[in-house]
file final_21.txt (compact mmCIF, C-alpha atoms and all ligand atoms)
# COMPACT_ATOMS: atom_id res chain seq x y z
CA MET A 19 12.58 -31.17 27.59
CA ALA A 20 15.18 -29.61 25.24
CA VAL A 21 13.96 -26.51 23.43
CA SER A 22 14.63 -26.51 19.68
CA THR A 23 16.52 -23.59 18.10
CA PHE A 24 13.43 -22.01 16.61
CA ALA A 25 11.30 -22.58 19.72
CA GLY A 26 14.08 -20.73 21.56
CA ILE A 27 13.83 -17.88 19.05
CA ARG A 28 10.06 -17.87 19.50
CA ARG A 29 10.56 -17.48 23.27
CA GLU A 30 12.83 -14.47 22.74
CA LEU A 31 10.37 -12.86 20.34
CA HIS A 32 7.55 -13.63 22.77
CA GLN A 33 9.12 -11.28 25.30
CA ILE A 34 9.08 -8.22 23.04
CA PRO A 35 5.55 -7.87 21.60
CA GLU A 36 4.95 -4.47 19.99
CA PRO A 37 2.02 -2.64 18.37
CA GLY A 38 1.56 -2.50 14.58
CA PHE A 39 4.13 -0.30 12.83
CA ALA A 40 6.05 0.01 16.12
CA GLU A 41 7.79 -3.38 15.87
CA PHE A 42 11.20 -1.72 16.31
CA LYS A 43 12.81 -4.23 18.70
CA THR A 44 11.27 -7.12 16.75
CA GLN A 45 12.71 -5.80 13.49
CA ARG A 46 16.11 -5.32 15.17
CA TYR A 47 16.00 -8.88 16.55
CA LEU A 48 15.19 -10.33 13.11
CA LEU A 49 17.84 -8.22 11.34
CA ASP A 50 20.48 -9.27 13.90
CA TYR A 51 19.57 -12.91 13.29
CA LEU A 52 19.73 -12.50 9.50
CA ALA A 53 23.09 -10.72 9.76
CA LYS A 54 24.62 -13.91 11.21
CA LEU A 55 23.64 -16.05 8.20
CA PRO A 56 25.96 -16.59 5.20
CA ALA A 57 25.39 -13.57 2.98
CA ASP A 58 26.37 -14.94 -0.46
CA ARG A 59 22.78 -15.58 -1.62
CA LEU A 60 20.87 -13.43 0.86
CA SER A 61 19.70 -9.85 0.17
CA ILE A 62 17.81 -7.84 2.75
CA LYS A 63 15.65 -4.73 2.56
CA THR A 64 13.62 -3.03 5.27
CA TRP A 65 10.25 -1.44 4.70
CA LYS A 66 8.87 0.57 7.65
CA THR A 67 9.19 -1.88 10.58
CA GLY A 68 9.03 -4.87 8.23
CA ILE A 69 11.72 -6.85 6.41
CA LEU A 70 12.02 -8.39 2.95
CA ALA A 71 14.69 -11.08 2.64
CA ARG A 72 15.51 -12.72 -0.71
CA ILE A 73 17.50 -15.88 -1.28
CA ALA A 74 18.88 -16.13 -4.82
CA GLY A 75 18.13 -19.49 -6.41
CA LYS A 76 20.64 -21.65 -8.34
CA ASN A 77 18.68 -21.59 -11.59
CA PRO A 78 15.56 -19.51 -10.93
CA LYS A 79 12.39 -19.77 -12.99
CA LYS A 80 10.10 -18.25 -10.39
CA THR A 81 10.03 -16.56 -7.00
CA ILE A 82 8.27 -18.34 -4.14
CA ALA A 83 7.28 -16.15 -1.17
CA TRP A 84 6.58 -16.85 2.49
CA ARG A 85 4.97 -14.25 4.75
CA ALA A 86 5.06 -13.97 8.57
CA ASP A 87 3.35 -11.25 10.59
CA MET A 88 5.12 -9.41 13.40
CA ASP A 89 2.85 -7.40 15.72
CA GLY A 90 1.53 -8.14 19.21
CA LEU A 91 -1.77 -7.25 20.90
CA PRO A 92 -2.74 -4.92 23.78
CA ILE A 93 -3.38 -7.80 26.20
CA ALA A 94 -1.91 -8.19 29.70
CA GLU A 95 -0.35 -11.66 29.60
CA GLU A 96 -1.58 -14.29 32.08
CA THR A 97 0.41 -17.34 30.95
CA SER A 98 2.55 -19.47 33.25
CA TYR A 99 5.61 -18.85 31.05
CA PRO A 100 8.98 -17.96 32.60
CA PHE A 101 9.57 -16.02 29.33
CA ARG A 102 6.51 -13.75 29.65
CA SER A 103 6.18 -10.46 27.78
CA GLN A 104 8.51 -7.75 29.05
CA HIS A 105 6.24 -5.12 27.52
CA GLU A 106 3.60 -4.36 30.13
CA GLY A 107 0.09 -4.70 28.69
CA TYR A 108 1.30 -6.21 25.40
CA MET A 109 1.38 -9.84 24.38
CA HIS A 110 1.94 -12.13 21.43
CA ALA A 111 -1.51 -13.66 21.86
CA CYS A 112 -2.12 -14.40 18.17
CA GLY A 113 0.91 -16.58 17.50
CA HIS A 114 2.94 -14.06 15.52
CA ASP A 115 5.99 -15.01 17.64
CA LEU A 116 5.62 -18.58 16.32
CA HIS A 117 4.94 -17.30 12.80
CA MET A 118 8.21 -15.31 12.79
CA ALA A 119 10.24 -18.17 14.29
CA ILE A 120 8.85 -20.52 11.61
CA GLY A 121 9.68 -17.93 8.92
CA LEU A 122 13.29 -17.76 10.17
CA GLY A 123 13.46 -21.55 10.31
CA ILE A 124 12.36 -21.93 6.67
CA LEU A 125 14.68 -19.13 5.57
CA THR A 126 17.67 -20.61 7.43
CA HIS A 127 17.11 -23.99 5.80
CA PHE A 128 17.19 -22.47 2.31
CA VAL A 129 20.22 -20.29 3.02
CA GLN A 130 22.00 -23.54 3.86
CA HIS A 131 20.34 -25.62 1.11
CA PRO A 132 19.52 -23.31 -1.81
CA ILE A 133 17.03 -24.53 -4.40
CA ASP A 134 16.63 -23.56 -8.05
CA ASP A 135 13.99 -20.88 -7.53
CA ASP A 136 14.38 -17.54 -5.80
CA LEU A 137 12.71 -17.28 -2.39
CA LEU A 138 11.27 -14.17 -0.79
CA PHE A 139 10.54 -13.91 2.94
CA LEU A 140 8.26 -11.14 4.15
CA PHE A 141 8.20 -10.15 7.82
CA GLN A 142 5.12 -7.95 7.75
CA PRO A 143 4.08 -5.42 10.40
CA ALA A 144 0.62 -4.54 11.71
CA GLU A 145 -1.51 -7.55 10.83
CA GLU A 146 -3.84 -6.88 13.78
CA GLY A 147 -4.36 -3.35 12.48
CA PRO A 148 -4.15 -0.99 10.73
CA GLY A 149 -2.85 -3.57 8.24
CA GLY A 150 0.67 -3.82 6.85
CA ALA A 151 0.04 -6.17 3.91
CA GLN A 152 -1.60 -3.71 1.53
CA PRO A 153 0.95 -0.87 1.91
CA MET A 154 3.82 -3.40 1.85
CA MET A 155 2.47 -4.79 -1.44
CA GLU A 156 2.31 -1.30 -2.88
CA SER A 157 5.88 -0.48 -1.80
CA GLU A 158 8.73 -0.20 -4.26
CA GLU A 159 10.70 -2.67 -2.14
CA PHE A 160 8.04 -5.35 -2.70
CA ARG A 161 7.32 -4.46 -6.36
CA GLU A 162 11.02 -4.91 -7.20
CA TRP A 163 10.96 -8.47 -5.84
CA LYS A 164 7.34 -9.32 -6.62
CA PRO A 165 6.90 -13.10 -6.22
CA ASP A 166 5.00 -15.52 -8.49
CA CYS A 167 3.29 -17.27 -5.61
CA ILE A 168 2.89 -16.62 -1.88
CA PHE A 169 2.09 -18.70 1.19
CA ALA A 170 1.52 -18.23 4.93
CA LEU A 171 0.17 -20.00 7.98
CA HIS A 172 -1.70 -19.12 11.14
CA ILE A 173 -1.61 -21.11 14.34
CA ALA A 174 -4.89 -22.79 15.35
CA PRO A 175 -5.36 -23.52 19.08
CA GLU A 176 -8.08 -26.10 18.46
CA TYR A 177 -6.06 -28.60 16.39
CA PRO A 178 -3.40 -31.01 17.75
CA ALA A 179 0.14 -29.64 17.45
CA GLY A 180 1.46 -29.80 13.90
CA HIS A 181 -1.80 -30.75 12.20
CA ILE A 182 -2.32 -28.75 9.02
CA ALA A 183 -5.78 -27.56 8.03
CA THR A 184 -6.81 -25.73 4.92
CA LYS A 185 -9.25 -25.64 2.02
CA PRO A 186 -9.44 -24.23 -1.49
CA GLY A 187 -11.38 -20.96 -1.88
CA ILE A 188 -12.51 -18.83 1.02
CA LEU A 189 -10.67 -19.53 4.28
CA PHE A 190 -11.06 -16.26 6.24
CA ALA A 191 -13.73 -13.54 6.11
CA ASN A 192 -13.82 -9.96 4.83
CA THR A 193 -13.34 -7.60 7.77
CA SER A 194 -14.13 -4.03 8.68
CA GLU A 195 -13.37 -2.34 11.95
CA LEU A 196 -16.27 -0.41 13.47
CA MET A 197 -15.88 2.62 15.74
CA ILE A 198 -18.93 4.64 16.83
CA ASP A 199 -18.58 7.90 18.78
CA LEU A 200 -21.67 9.25 20.54
CA VAL A 201 -21.87 12.80 21.89
CA GLY A 202 -24.84 13.97 24.00
CA LYS A 203 -25.20 16.26 26.99
CA GLY A 204 -23.50 15.48 30.28
CA GLY A 205 -24.85 16.51 33.67
CA HIS A 206 -25.41 15.72 37.34
CA ALA A 207 -26.42 12.12 38.10
CA ALA A 208 -29.41 13.39 40.07
CA PHE A 209 -30.88 15.41 37.14
CA PRO A 210 -31.22 12.97 34.20
CA HIS A 211 -34.02 15.07 32.66
CA LEU A 212 -31.48 17.85 32.01
CA ALA A 213 -28.96 15.63 30.19
CA ASN A 214 -28.68 13.18 27.26
CA ASP A 215 -26.96 10.16 28.71
CA MET A 216 -24.49 8.51 26.28
CA VAL A 217 -23.97 5.45 28.50
CA VAL A 218 -27.66 4.62 28.05
CA ALA A 219 -27.53 5.46 24.32
CA ALA A 220 -24.45 3.26 23.83
CA SER A 221 -26.08 0.41 25.76
CA HIS A 222 -29.18 0.57 23.53
CA LEU A 223 -27.02 0.62 20.43
CA VAL A 224 -24.98 -2.44 21.52
CA THR A 225 -28.21 -4.36 22.09
CA GLN A 226 -29.75 -3.21 18.81
CA LEU A 227 -26.62 -4.19 16.87
CA GLN A 228 -27.27 -7.81 17.88
CA SER A 229 -30.34 -7.80 15.60
CA VAL A 230 -28.40 -6.77 12.48
CA ILE A 231 -26.99 -10.23 11.82
CA SER A 232 -30.00 -12.20 13.04
CA ARG A 233 -32.57 -10.14 11.09
CA ASN A 234 -30.73 -8.75 8.05
CA VAL A 235 -28.26 -11.38 6.88
CA ASN A 236 -29.46 -14.50 5.07
CA PRO A 237 -29.11 -17.28 7.65
CA LEU A 238 -27.39 -19.38 4.99
CA ASP A 239 -24.74 -16.68 4.66
CA SER A 240 -22.59 -15.83 7.70
CA ALA A 241 -21.65 -12.57 9.38
CA VAL A 242 -20.45 -11.33 12.74
CA ILE A 243 -20.55 -8.03 14.59
CA THR A 244 -18.48 -7.98 17.76
CA ILE A 245 -18.21 -4.93 19.98
CA GLY A 246 -15.00 -5.56 21.88
CA LYS A 247 -14.67 -2.29 23.75
CA ILE A 248 -16.93 0.36 25.30
CA ASP A 249 -15.71 3.65 26.73
CA GLY A 250 -18.01 6.21 28.27
CA GLY A 251 -18.33 8.74 31.01
CA THR A 252 -15.90 10.00 33.59
CA ARG A 253 -17.30 9.20 37.05
CA GLN A 254 -20.06 7.27 38.79
CA ASN A 255 -22.17 10.35 39.61
CA ILE A 256 -21.77 12.24 36.36
CA ILE A 257 -24.04 11.57 33.41
CA ALA A 258 -21.82 10.72 30.46
CA GLU A 259 -21.56 13.28 27.69
CA LYS A 260 -19.60 10.90 25.45
CA ALA A 261 -19.36 7.19 24.72
CA ARG A 262 -17.42 5.18 22.17
CA LEU A 263 -17.96 1.66 20.89
CA GLU A 264 -15.19 -0.26 19.14
CA GLY A 265 -15.73 -3.48 17.28
CA THR A 266 -15.41 -5.40 14.07
CA ILE A 267 -17.64 -6.71 11.29
CA ARG A 268 -16.97 -10.01 9.48
CA THR A 269 -18.76 -11.30 6.36
CA PHE A 270 -18.15 -13.85 3.63
CA SER A 271 -19.39 -11.56 0.84
CA MET A 272 -18.99 -7.87 0.08
CA GLU A 273 -22.77 -7.67 -0.50
CA SER A 274 -23.35 -8.78 3.11
CA MET A 275 -20.71 -6.30 4.28
CA ALA A 276 -22.56 -3.45 2.48
CA ARG A 277 -25.94 -4.59 3.88
CA VAL A 278 -24.59 -4.88 7.43
CA LYS A 279 -23.02 -1.42 7.23
CA ALA A 280 -26.26 0.09 5.87
CA ARG A 281 -28.25 -1.42 8.76
CA ILE A 282 -25.71 -0.21 11.33
CA GLU A 283 -25.97 3.30 9.86
CA ALA A 284 -29.78 3.17 10.10
CA LEU A 285 -29.64 2.06 13.74
CA VAL A 286 -27.11 4.77 14.57
CA ARG A 287 -29.40 7.39 12.98
CA GLY A 288 -32.23 6.04 15.15
CA VAL A 289 -30.13 6.37 18.30
CA GLU A 290 -29.23 9.95 17.31
CA GLU A 291 -32.94 10.73 16.97
CA GLY A 292 -34.04 8.81 20.06
CA PHE A 293 -31.36 10.14 22.40
CA SER A 294 -30.91 13.65 20.95
CA CYS A 295 -27.23 13.07 20.34
CA LYS A 296 -24.68 13.16 17.55
CA ALA A 297 -23.02 10.01 16.33
CA GLN A 298 -20.07 9.39 14.06
CA ILE A 299 -19.08 6.07 12.48
CA ASP A 300 -15.51 5.25 11.48
CA TYR A 301 -14.89 1.95 9.70
CA GLY A 302 -11.13 1.97 10.42
CA CYS A 303 -9.29 -0.67 8.43
CA GLY A 304 -10.89 -3.40 6.35
CA TYR A 305 -9.22 -6.54 4.99
CA ALA A 306 -9.90 -8.58 1.88
CA GLN A 307 -11.04 -12.12 2.55
CA VAL A 308 -8.39 -14.85 2.46
CA TYR A 309 -9.31 -16.66 -0.73
CA ASN A 310 -6.99 -19.60 -1.29
CA HIS A 311 -6.02 -20.23 -4.92
CA GLU A 312 -8.11 -23.29 -5.64
CA ALA A 313 -5.79 -25.28 -7.92
CA LEU A 314 -2.63 -24.51 -5.88
CA THR A 315 -4.34 -25.45 -2.61
CA LEU A 316 -5.66 -28.71 -4.02
CA GLN A 317 -2.22 -29.44 -5.44
CA PHE A 318 -0.67 -28.83 -1.98
CA MET A 319 -3.28 -31.01 -0.25
CA ASP A 320 -2.65 -33.77 -2.77
CA TRP A 321 1.14 -33.41 -2.29
CA MET A 322 0.69 -33.62 1.49
CA GLN A 323 -1.37 -36.79 1.23
CA ARG A 324 0.96 -38.46 -1.24
CA THR A 325 4.31 -37.52 0.27
CA GLN A 326 3.86 -36.68 3.96
CA PRO A 327 2.11 -39.75 5.44
CA GLU A 328 3.43 -38.97 8.94
CA ARG A 329 1.62 -35.59 8.92
CA THR A 330 -2.08 -34.96 9.46
CA LEU A 331 -3.93 -32.87 6.90
CA VAL A 332 -7.44 -31.63 7.69
CA HIS A 333 -9.86 -30.31 5.08
CA CYS A 334 -11.36 -27.56 7.27
CA SER A 335 -14.27 -25.12 6.98
CA GLU A 336 -13.91 -21.40 6.52
CA ALA A 337 -13.68 -19.18 9.64
CA MET A 338 -14.70 -15.63 10.53
CA THR A 339 -11.11 -14.67 11.34
CA GLY A 340 -9.62 -11.84 9.32
CA GLU A 341 -6.10 -11.63 7.89
CA ASP A 342 -4.52 -8.95 5.74
CA PHE A 343 -2.64 -11.76 3.98
CA GLY A 344 -5.88 -11.78 1.93
CA PHE A 345 -4.59 -8.69 0.08
CA PHE A 346 -1.56 -10.60 -1.24
CA LEU A 347 -3.90 -13.29 -2.56
CA THR A 348 -5.90 -10.73 -4.57
CA GLU A 349 -2.84 -10.29 -6.84
CA ILE A 350 -0.63 -13.33 -6.35
CA PRO A 351 -1.64 -17.01 -6.39
CA GLY A 352 -1.10 -18.81 -3.11
CA PHE A 353 -2.82 -19.98 0.04
CA MET A 354 -2.81 -19.91 3.81
CA PHE A 355 -3.23 -22.83 6.17
CA TRP A 356 -3.91 -23.36 9.86
CA LEU A 357 -1.17 -24.95 11.93
CA GLY A 358 -2.47 -26.86 14.97
CA ALA A 359 -1.04 -25.54 18.25
CA ASN A 360 -3.13 -27.49 20.76
CA THR A 361 -4.02 -25.03 23.52
CA PRO A 362 -7.33 -24.73 25.44
CA TYR A 363 -7.27 -20.94 25.23
CA GLY A 364 -8.19 -19.32 21.92
CA LEU A 365 -6.42 -16.72 19.83
CA HIS A 366 -6.39 -13.29 21.54
CA HIS A 367 -6.63 -14.88 25.01
CA ALA A 368 -4.28 -13.75 27.81
CA LYS A 369 -3.57 -17.40 28.75
CA ILE A 370 -2.86 -18.86 25.32
CA GLU A 371 0.22 -21.17 25.37
CA PRO A 372 0.66 -22.68 21.89
CA ASP A 373 2.46 -26.03 21.70
CA GLU A 374 5.94 -25.27 20.36
CA GLN A 375 6.26 -28.71 18.74
CA ALA A 376 4.23 -27.21 15.90
CA ILE A 377 7.15 -24.94 14.97
CA ASP A 378 9.52 -27.65 13.72
CA VAL A 379 6.68 -29.52 11.99
CA ALA A 380 5.79 -26.37 10.01
CA ILE A 381 9.43 -25.74 9.07
CA ASP A 382 9.79 -29.33 7.91
CA VAL A 383 6.57 -29.38 5.83
CA VAL A 384 7.09 -25.97 4.21
CA THR A 385 10.77 -26.55 3.32
CA LYS A 386 9.85 -29.89 1.72
CA TYR A 387 6.88 -28.32 -0.10
CA PHE A 388 8.93 -25.40 -1.46
CA THR A 389 11.70 -27.78 -2.56
CA TRP A 390 9.13 -29.86 -4.43
CA LEU A 391 7.39 -26.77 -5.87
CA SER A 392 10.74 -25.49 -7.15
CA SER A 393 11.42 -28.82 -8.85
CA GLN A 394 8.22 -28.44 -10.92
CA ASP A 395 8.58 -26.80 -14.34
CA ALA A 396 5.44 -24.75 -13.86
CA LEU A 397 3.59 -23.59 -10.74
CA LEU A 398 0.74 -25.91 -11.60
CA GLY A 399 2.75 -28.60 -13.35
C1 LIG B 401 -5.90 -13.81 12.75
C2 LIG B 401 -6.56 -12.68 13.46
O1 LIG B 401 -6.95 -12.83 14.60
N1 LIG B 401 -6.68 -11.54 12.80
C3 LIG B 401 -7.39 -10.42 13.30
C4 LIG B 401 -7.39 -9.30 12.27
C5 LIG B 401 -8.08 -8.06 12.78
C6 LIG B 401 -8.27 -6.97 11.79
C7 LIG B 401 -8.95 -5.73 12.33
N2 LIG B 401 -8.26 -5.13 13.45
C8 LIG B 401 -10.39 -6.04 12.75
O2 LIG B 401 -10.65 -6.27 13.93
O3 LIG B 401 -11.27 -6.00 11.88
C9 LIG B 401 -8.82 -10.83 13.65
O4 LIG B 401 -9.38 -10.24 14.59
O5 LIG B 401 -9.42 -11.72 13.01
call {"tool": "encode", "arguments": {"input": "final_21.txt", "output": "C-alpha cells"}}
result
Amino acid sequence: MAVSTFAGIRRELHQIPEPGFAEFKTQRYLLDYLAKLPADRLSIKTWKTGILARIAGKNPKKTIAWRADMDGLPIAEETSYPFRSQHEGYMHACGHDLHMAIGLGILTHFVQHPIDDDLLFLFQPAEEGPGGAQPMMESEEFREWKPDCIFALHIAPEYPAGHIATKPGILFANTSELMIDLVGKGGHAAFPHLANDMVVAASHLVTQLQSVISRNVNPLDSAVITIGKIDGGTRQNIIAEKARLEGTIRTFSMESMARVKARIEALVRGVEEGFSCKAQIDYGCGYAQVYNHEALTLQFMDWMQRTQPERTLVHCSEAMTGEDFGFFLTEIPGFMFWLGANTPYGLHHAKIEPDEQAIDVAIDVVTKYFTWLSSQDALLG
C-alpha cells in the first residue's frame, strides 16, 4: 500500500528516537523540513531542543496553538518494522513520532492555505520526563507568542484507527515520579546476620506499597502506584548494600496525591526502622492533570457531530496516563483528545505498531476544526 507523505515522515522520525532534552537529530529533522516550506508567513524560533513555529494569519483576532511532543523512550524495539529505531535501546513507543508527523501535516496545510487567525505550532521536548511543557511555557520565546487557545492529541492503541475520543474536564491524572534509595550494610552471602540486606528491604517495600492505594485512597477516587524499575546489589553471592526503586504515582486529586505521598513516607520510615537502613525519597518530576476546558471541548464535540459525519467521536472516560500538556491547560483554554491507532500492544510496549491511517485522519479533522474556529468571532461564539 502507498505510504502517505506524513506517514513517510513518521517513519523517518521513528528511526531517530532520543531522550528528553536530547532530541538533537529530531529537532534538526523538523527544522530541515520547515526550511523547505514557503517562508512568507512562517516564523521559526528554537527553544532548547524544541521548536516554535508561527504562521501569520490574514486578519488575525486570536492565536490558535497546536502542540506535539518529541522524545522517545528507553525501550529496545521489538516491532516487525523495516524502519526500526536506529538508536539502540531507544524507541518511539508512545506515538510521539506520529504526533510530530501530524503536527507537520497541520502546519503544512496552513502554510499553503492561511486562515484569518495566527497559528502557533509547538514541538515540545521531554514529555516522558523531566517535562518540557512547563519550562517551555515560562520561556521568553513562548511568552512572546502566547496563544489564546491550545490543543493536542495522543494516540490510543485501543481505539480503531482515526477514532477520536475525549471528554470535558479531567482527561489525564496528576503525576509524580517516585524514586526511593535504600542504603544498608553489604556483606558475604553466607553471613546474613552481619549485614542489612537492601534487596530484602526493597522487596518488602514494593509489597507494602501495594497497600497504599487499596487501604488509604477512597475506593470511589482513583490512584495508582507503579514501581517500574528495581536496582540492587552487585553479585549473586554478595548481600546488597544498596537498592533503588523507581516508579510513578497517579491520582485524580491533589488531596489524594498528598495522602499517598504521606503514606509512602510512613512506610519508608518503617522500612528504615525494620531493616536498620537509611532511605531517601525523590519525587522527580510531577505533572498537572490534563483538565480539558469544558465549554471548548463540548463545542468541539458538537462541531464533530454536526460537521464530520464520516468520523467517529467517542465520549471517553478519564485515564491514569500523565501528560505535561496539562501545564498549558492551567493557563490557556484548550483540550486534548485521544486518536485511535488500533494496535494490540499498549503505549510503552516494545511491539507497539500504531496504524498510520490515523495520521491523515487527524490532519484532516484538526485543519477543518481550526479553519472553523478561526471563522468564529469569539473562541466560544
Ligand atoms: C502519555 C504518557 O504515557 N505519558 C507518560 C508521562 C510520564 C511522566 C513521568 N515520567 C512519570 O512517570 O510520572 C506516562 O507515563 O503517563
call {"tool": "residues_near_ligand", "arguments": {"input": "final_21.txt", "ligand": "ligand LIG 401 (chain B)", "cutoff": "8 Å", "atoms": "all atoms listed in the file", "output": "VMD selection string"}}
result
chain A and resid 112 145 to 149 172 193 to 196 265 to 268 303 to 305 338 to 342 365 to 366
call {"tool": "residues_around", "arguments": {"input": "final_21.txt", "residues": "segment 377-383 of chain A", "least_positions_apart": "2", "cutoff": "10 Å", "atoms": "only C-alpha atoms", "output": "PyMOL selection string"}}
result
chain A and resi 22-25+28+116-127+171+173+179-182+322+326+329+357-359+372-375+385-389
call {"tool": "atom_distance", "arguments": {"input": "final_21.txt", "atom1": "atom CA of Gln228 of chain A", "atom2": "atom CA of Phe343 of chain A"}}
result
28.6 Å
call {"tool": "closest_residue", "arguments": {"input": "final_21.txt", "among": "A:Leu138, A:Asn255, A:Lys79, A:Ser294", "to": "Lys63 of chain A", "atoms": "only C-alpha atoms"}}
result
A:Leu138
call {"tool": "closest_residue", "arguments": {"input": "final_21.txt", "among": "A:Gly205, A:Gly292, A:Gly302, A:Gly364", "to": "Lys260 of chain A", "atoms": "only C-alpha atoms"}}
result
A:Gly205
call {"tool": "residues_around", "arguments": {"input": "final_21.txt", "residues": "Met155 of chain A", "least_positions_apart": "5", "cutoff": "10 Å", "atoms": "all atoms listed in the file", "output": "PyMOL selection string"}}
result
chain A and resi 150+160-161+164+345-346+349
call {"tool": "residues_near_point", "arguments": {"input": "final_21.txt", "point": "(-28.2, -6.3, 6.2)", "cutoff": "12 Å", "atoms": "only C-alpha atoms", "output": "ChimeraX atom specification"}}
result
/A:227-237,239-243,267,269,271-285
call {"tool": "residues_around", "arguments": {"input": "final_21.txt", "residues": "Pro165 of chain A", "least_positions_apart": "4", "cutoff": "12 Å", "atoms": "only C-alpha atoms", "output": "PyMOL selection string"}}
result
chain A and resi 70-72+78-85+135-140+155+159-161+169+346-347+349-352+397
call {"tool": "write_last_selection", "arguments": {"input": "final_21.txt", "atoms": "C-alpha atoms", "output": "CSV table (one decimal), keeping the file's coordinate frame"}}
result
chain,number,residue,atom,x,y,z
A,70,LEU,CA,12.0,-8.4,3.0
A,71,ALA,CA,14.7,-11.1,2.6
A,72,ARG,CA,15.5,-12.7,-0.7
A,78,PRO,CA,15.6,-19.5,-10.9
A,79,LYS,CA,12.4,-19.8,-13.0
A,80,LYS,CA,10.1,-18.2,-10.4
A,81,THR,CA,10.0,-16.6,-7.0
A,82,ILE,CA,8.3,-18.3,-4.1
A,83,ALA,CA,7.3,-16.2,-1.2
A,84,TRP,CA,6.6,-16.8,2.5
A,85,ARG,CA,5.0,-14.2,4.8
A,135,ASP,CA,14.0,-20.9,-7.5
A,136,ASP,CA,14.4,-17.5,-5.8
A,137,LEU,CA,12.7,-17.3,-2.4
A,138,LEU,CA,11.3,-14.2,-0.8
A,139,PHE,CA,10.5,-13.9,2.9
A,140,LEU,CA,8.3,-11.1,4.2
A,155,MET,CA,2.5,-4.8,-1.4
A,159,GLU,CA,10.7,-2.7,-2.1
A,160,PHE,CA,8.0,-5.4,-2.7
A,161,ARG,CA,7.3,-4.5,-6.4
A,169,PHE,CA,2.1,-18.7,1.2
A,346,PHE,CA,-1.6,-10.6,-1.2
A,347,LEU,CA,-3.9,-13.3,-2.6
A,349,GLU,CA,-2.8,-10.3,-6.8
A,350,ILE,CA,-0.6,-13.3,-6.4
A,351,PRO,CA,-1.6,-17.0,-6.4
A,352,GLY,CA,-1.1,-18.8,-3.1
A,397,LEU,CA,3.6,-23.6,-10.7
call {"tool": "closest_residue", "arguments": {"input": "final_21.txt", "among": "A:Lys43, A:Arg102, A:Lys296, A:Lys76", "to": "Ala220 of chain A", "atoms": "all atoms listed in the file"}}
result
A:Lys296
call {"tool": "atom_distance", "arguments": {"input": "final_21.txt", "atom1": "atom CA of Thr315 of chain A", "atom2": "atom CA of Val384 of chain A"}}
result
13.3 Å
call {"tool": "atom_distance", "arguments": {"input": "final_21.txt", "atom1": "atom CA of Ile370 of chain A", "atom2": "atom CA of Ser98 of chain A"}}
result
9.6 Å
call {"tool": "closest_residue", "arguments": {"input": "final_21.txt", "among": "A:Arg262, A:Lys185, A:Arg59, A:Arg29", "to": "Gln298 of chain A", "atoms": "all atoms listed in the file"}}
result
A:Arg262
call {"tool": "residues_around", "arguments": {"input": "final_21.txt", "residues": "segment 88-90 of chain A", "least_positions_apart": "2", "cutoff": "6 Å", "atoms": "all atoms listed in the file", "output": "VMD selection string"}}
result
chain A and resid 35 to 38 109 to 110 114 142 to 144
call {"tool": "decode", "arguments": {"input": "final_21.txt", "residues": "segment 84-95 of chain A", "atoms": "N, CA and C atoms", "output": "PDB file, in the first residue's frame"}}
result
ATOM      1  N   TRP A  84      -1.121  24.503  18.454  1.00  0.00           N
ATOM      2  CA  TRP A  84      -1.117  23.037  18.405  1.00  0.00           C
ATOM      3  C   TRP A  84       0.205  22.570  18.967  1.00  0.00           C
ATOM      4  N   ARG A  85       0.172  21.574  19.841  1.00  0.00           N
ATOM      5  CA  ARG A  85       1.413  21.086  20.469  1.00  0.00           C
ATOM      6  C   ARG A  85       1.654  19.618  20.141  1.00  0.00           C
ATOM      7  N   ALA A  86       2.902  19.288  19.777  1.00  0.00           N
ATOM      8  CA  ALA A  86       3.317  17.888  19.572  1.00  0.00           C
ATOM      9  C   ALA A  86       4.562  17.635  20.411  1.00  0.00           C
ATOM     10  N   ASP A  87       4.633  16.469  21.025  1.00  0.00           N
ATOM     11  CA  ASP A  87       5.809  16.137  21.836  1.00  0.00           C
ATOM     12  C   ASP A  87       6.834  15.369  21.001  1.00  0.00           C
ATOM     13  N   MET A  88       8.082  15.331  21.466  1.00  0.00           N
ATOM     14  CA  MET A  88       9.181  14.929  20.576  1.00  0.00           C
ATOM     15  C   MET A  88      10.026  13.754  21.047  1.00  0.00           C
ATOM     16  N   ASP A  89      10.008  13.424  22.336  1.00  0.00           N
ATOM     17  CA  ASP A  89      11.007  12.487  22.878  1.00  0.00           C
ATOM     18  C   ASP A  89      10.605  11.021  22.728  1.00  0.00           C
ATOM     19  N   GLY A  90      11.629  10.159  22.747  1.00  0.00           N
ATOM     20  CA  GLY A  90      11.411   8.709  22.725  1.00  0.00           C
ATOM     21  C   GLY A  90      11.607   8.120  24.117  1.00  0.00           C
ATOM     22  N   LEU A  91      11.579   6.778  24.194  1.00  0.00           N
ATOM     23  CA  LEU A  91      11.666   6.085  25.488  1.00  0.00           C
ATOM     24  C   LEU A  91      12.816   5.076  25.488  1.00  0.00           C
ATOM     25  N   PRO A  92      13.397   4.795  26.657  1.00  0.00           N
ATOM     26  CA  PRO A  92      14.469   3.794  26.729  1.00  0.00           C
ATOM     27  C   PRO A  92      13.920   2.366  26.648  1.00  0.00           C
ATOM     28  N   ILE A  93      13.490   1.984  25.457  1.00  0.00           N
ATOM     29  CA  ILE A  93      12.894   0.662  25.213  1.00  0.00           C
ATOM     30  C   ILE A  93      13.601   0.072  23.995  1.00  0.00           C
ATOM     31  N   ALA A  94      13.996  -1.191  24.084  1.00  0.00           N
ATOM     32  CA  ALA A  94      14.610  -1.861  22.928  1.00  0.00           C
ATOM     33  C   ALA A  94      13.480  -2.342  22.019  1.00  0.00           C
ATOM     34  N   GLU A  95      13.409  -1.787  20.831  1.00  0.00           N
ATOM     35  CA  GLU A  95      12.270  -2.025  19.929  1.00  0.00           C
ATOM     36  C   GLU A  95      12.172  -3.490  19.498  1.00  0.00           C
TER      37      GLU A  95
END
